[in-house]
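K.L.:
One structure is given below, represented as structure tokens, and several questions about it will come after.
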Amino acid sequence: MLTDIEIAQQAKMKHIGEIAKVLGINEDELEYYGKYKAKISHQLWERVKDHPDGKLILVTAINPTPAGEGKTTTTVGLGQAMSKIGKKAVIALREPSLGPVMGIKGGAAGGGYAQVVPMEDINLHFTGDMHAITSAHNLLSAAIDNHIHQGNTLGIDPRQVTWKRVLDMNDRALRNIVVGLGGKINGVPREDGFMITVASEIMAILCLADGLMDLKDRLGKIIIGYTYNNQPITAKDLKVDGAMAVLLKDAIKPNLVQTLENTPCFMHGGPFANIAHGCNSITATKLGLKLADYVITEAGFGADLGAEKFLNIKCRYGKLKPDAIVVVATVRALKYNGGVPKAELKTPDLEALIKGFVNLEKHVENMKSFGVPVVVAINRFDTDSEEEIQYVQKHCTEMGVQCAISEVFAKGGQGGIELANKVVEVIDKTASKFTFLYDEKLPVKEKISRIVTQIYGGKGVVYTSKAEKAIKRLELLGFDKLPICMAKTQYSLSDDPALLGKPEGFTVTVKEVNISAGAGFIVVLTGDIMTMPGLPKEPSAEKIDIDEYGKITGLF
């Protein structure tokens, strides 16, 4: 089979203006970025905001494994399949980060014959949104150090500056640095560090903001640190919230692209799911609901991370109500959860599958607890035995959920018709009774406890003294009545990546609790979460090249 990039380069793309027409978008509501990409102007929302909403479908997955689950591929393939069965559908995805593209994880445009194109552009600079977010973030960083250097009238305590710098690249050497060295003229020395751009609170704000003015308001609320008297200092205090909004004036506009089969796709925003809330922008999702009968979107990593935060954070702020949830699983990943090493996953092993099936079982149980109908998608590989497939199907039926084979990687939309039909059937037959897991006004510890005990299946929560102090400060400052954004390993339902399957009897240790006042959530850090990843021994960048005709190779 051809590589992803070879398949993408053979795609018969239509001019993006033609794709826009499918959704009823007018020429003057598009801002072209070449032939195959466009941003959507704010005027479109004003025209369609009173249209009835279509149906919202969330695609999530079991905990990710080295075997791969194909969540984004399934999302894209399901969108293509919806078009195949005559439904007006649009896909809503996150944008890739350059760090993982050049590192090890890869891009975020799907795979095989279920991809979003132009694949090279999407996985590289795209329409410049990442660069705009990086610039806005670092403008605030520069303003902090400049204010301290110029006399520090706000009384910022350099030891309590919480706002780091960002770069959209994996660079472990920048995790912990010292700035301001070289004498008085170069500023005040202090410890600092870099995060990857997609971990920035500005990325989360962009994805949760309801328009440009809401974006500016949220930027102004960003807490960058504290004074010597332990009072919070905001971006508005530093008077750069307006300039930051200017840098983001185009980035807040959703991007329109297409799949290999010319299904429309809004691709906008991309916060990490194990650090931030892991969902594309509310702006793009809500716009899709006004323009199509079905919107297929995804949440990052497993359902315990991305989906939980999609439902408790994104749906809360966007006033969204999902009509169905698709949980993606593979036989290989379930066997990995059952203890089979990666090198042996192609060998049929029903015993390991049975042992690892509990991971899927728990995620389905969790999603059903939100009152939303669930469909399981088995992302099929040619090494899966019929006995293994039949086991998954049988036990999904016993759980009371529909189950469909998905072969979109190899067959595109045609390979997702069974899944599309079952999703439509479930939506038509079962009304969503969506409800949140918790009331955001509950005490901080109560909200965390509900996530840990009900979603992860843990028995309780342990707090470090640092976390305890942070919670008390949040309560004193009045920031405790916000949703919770858990920062946790994606590889396990617990906070220990080695605990696969469905671990029980564990406790989750909360190391730190921070406030993202602009985004509007409390960040709870568990385990060892890297906000600046590093490159592997053999990074993907070593395989990427370009020839004299501009043809790119090695990009997956």
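Ligands are numbered from 1 in the order shown, residues from 1 within each chain, and chains are lettered A, B, ... in the order they appear in the structure tokens.
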Set the distance at 6 Å and use only C-alpha atoms: which residues neighbour Tyr113 of chain A once local chain neighbours fewer than 6 positions away are removed? I'd like the list as a list in words.
P.N.:
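That gives Phe409, Ala410 and Gly412 of chain A.
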K.L.:
Would you mind exporting the chosen residues as an mmCIF file, in the first residue's frame, restricted to N, CA, C and O atoms?
P.N.:
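Below is the file again_13.cif, written as the result:
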data_model
loop_
_atom_site.group_PDB
_atom_site.id
_atom_site.type_symbol
_atom_site.label_atom_id
_atom_site.label_comp_id
_atom_site.auth_asym_id
_atom_site.auth_seq_id
_atom_site.Cartn_x
_atom_site.Cartn_y
_atom_site.Cartn_z
ATOM 1 N N PHE A 409 -9.379 3.183 6.536
ATOM 2 C CA PHE A 409 -7.961 3.376 6.194
ATOM 3 C C PHE A 409 -7.670 2.791 4.816
ATOM 4 O O PHE A 409 -7.002 3.421 3.996
ATOM 5 N N ALA A 410 -8.180 1.588 4.558
ATOM 6 C CA ALA A 410 -7.902 0.904 3.294
ATOM 7 C C ALA A 410 -8.905 1.237 2.195
ATOM 8 O O ALA A 410 -8.570 1.193 1.004
ATOM 9 N N GLY A 412 -11.393 4.049 2.389
ATOM 10 C CA GLY A 412 -11.991 5.371 2.412
ATOM 11 C C GLY A 412 -13.431 5.340 2.900
ATOM 12 O O GLY A 412 -13.815 4.502 3.725
#
K.L.:
Which residues come within 10 Å of Val452 of chain A, counting only C-alpha atoms, excluding same-chain residues fewer than 5 positions away, as a list in words?
P.N.:
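Once the adjacent positions are removed, what remains is Asp304, Glu446, Lys447, Gly457, Gly458, Lys459, Gly460, Val461, Met486, Leu493, Ser494, Asp495, Phe506, Thr507 and Val508 of chain A.
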K.L.:
Could you dump the residues just selected with N, CA, C and O atoms as a compact mmCIF listing (two decimals), in the first residue's frame?
P.N.:
# COMPACT_ATOMS: atom_id res chain seq x y z
N ASP A 304 -11.10 8.93 28.50
CA ASP A 304 -10.90 9.41 29.87
C ASP A 304 -10.30 10.80 29.91
O ASP A 304 -10.42 11.53 30.90
N GLU A 446 -14.16 18.00 45.29
CA GLU A 446 -15.32 17.18 44.95
C GLU A 446 -15.36 16.93 43.44
O GLU A 446 -15.64 15.82 42.98
N LYS A 447 -15.06 17.96 42.66
CA LYS A 447 -15.04 17.81 41.19
C LYS A 447 -13.94 16.85 40.76
O LYS A 447 -14.16 15.97 39.91
N GLY A 457 -12.11 5.27 37.54
CA GLY A 457 -12.33 4.04 38.30
C GLY A 457 -11.40 3.91 39.50
O GLY A 457 -11.24 2.82 40.05
N GLY A 458 -10.80 5.02 39.95
CA GLY A 458 -9.91 4.99 41.11
C GLY A 458 -10.69 5.00 42.42
O GLY A 458 -11.90 5.25 42.44
N LYS A 459 -9.97 4.74 43.50
CA LYS A 459 -10.65 4.71 44.80
C LYS A 459 -10.53 6.03 45.56
O LYS A 459 -11.21 6.24 46.56
N GLY A 460 -9.66 6.93 45.10
CA GLY A 460 -9.52 8.19 45.79
C GLY A 460 -8.40 9.05 45.23
O GLY A 460 -7.73 8.69 44.26
N VAL A 461 -8.20 10.21 45.87
CA VAL A 461 -7.21 11.19 45.42
C VAL A 461 -6.29 11.56 46.57
O VAL A 461 -6.74 11.76 47.71
N MET A 486 -8.06 17.99 33.73
CA MET A 486 -7.07 17.06 34.27
C MET A 486 -5.88 16.90 33.31
O MET A 486 -6.06 16.65 32.12
N LEU A 493 -6.00 4.50 32.34
CA LEU A 493 -7.10 5.15 33.04
C LEU A 493 -6.62 5.77 34.35
O LEU A 493 -7.22 6.71 34.86
N SER A 494 -5.53 5.26 34.88
CA SER A 494 -4.94 5.78 36.12
C SER A 494 -3.93 6.87 35.80
O SER A 494 -3.80 7.30 34.65
N ASP A 495 -3.16 7.30 36.81
CA ASP A 495 -2.07 8.26 36.57
C ASP A 495 -0.73 7.56 36.39
O ASP A 495 0.31 8.20 36.33
N PHE A 506 -6.65 1.86 42.73
CA PHE A 506 -5.55 2.82 42.71
C PHE A 506 -6.02 4.19 43.21
O PHE A 506 -7.21 4.50 43.21
N THR A 507 -5.05 4.97 43.64
CA THR A 507 -5.31 6.37 43.97
C THR A 507 -4.58 7.25 42.96
O THR A 507 -3.57 6.83 42.38
N VAL A 508 -5.07 8.43 42.73
CA VAL A 508 -4.44 9.39 41.83
C VAL A 508 -3.80 10.49 42.67
O VAL A 508 -4.45 11.04 43.57
K.L.:
Tell me, in Å to one decimal, how far atom CA of Ile57 of chain A is from atom CA of Ala114 of chain A.
P.N.:
17.3 Å
K.L.:
Of the residues A:Lys164, A:Lys472, A:Lys12, A:Lys335, which is the one nearest to Ala142 of chain A, using only C-alpha atoms?
P.N.:
A:Lys164
K.L.:
I'd like to know which of A:Pro536, A:Phe301, A:Gly339, A:His149 is closest to Gly183 of chain A, using only C-alpha atoms.
P.N.:
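Result for the nearest residue to Gly183 of chain A: A:His149.
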K.L.:
Quick one: distance from atom CA of Thr75 of chain A to atom CA of Cys207 of chain A in Å, one decimal?
P.N.:
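Separation of atom CA of Thr75 of chain A and atom CA of Cys207 of chain A: 19.0 Å.
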K.L.:
Could you list, with a cut-off of 9 Å and counting only C-alpha atoms, the residues of segment 3-78 of chain A near segment 363-370 of chain A, each shown with its nearest atom pair and the distance in Å rounded to one decimal, rows sorted by chain and ascending number, as CSV?
P.N.:
residue,atom,partner,partner_atom,distance
A:Ala61,CA,A:His363,CA,7.9
A:Ile62,CA,A:His363,CA,6.4
A:Asn63,CA,A:His363,CA,8.7
K.L.:
Emit the selected residues as a PDB file, in the first residue's frame, including C-alpha atoms.
P.N.:
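Okay, this is what ended up in out.pdb:
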ATOM      1  CA  ALA A  61     -11.218   6.051  21.641  1.00  0.00           C
ATOM      2  CA  ILE A  62      -9.813   3.626  24.160  1.00  0.00           C
ATOM      3  CA  ASN A  63      -6.481   4.523  25.786  1.00  0.00           C
TER       4      ASN A  63
END
K.L.:
Point out the residue among A:Ile522, A:Ala333, A:Leu208, A:Met532 with the least atom-to-atom distance to Gly99 of chain A, counting only C-alpha atoms.
P.N.:
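Distance minimum relative to Gly99 of chain A lands on A:Met532.
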K.L.:
For atom CA of Pro232 of chain A and atom CA of Phe272 of chain A, quote the distance in Å rounded to one decimal.
P.N.:
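Distance between the two atoms: 25.5 Å.
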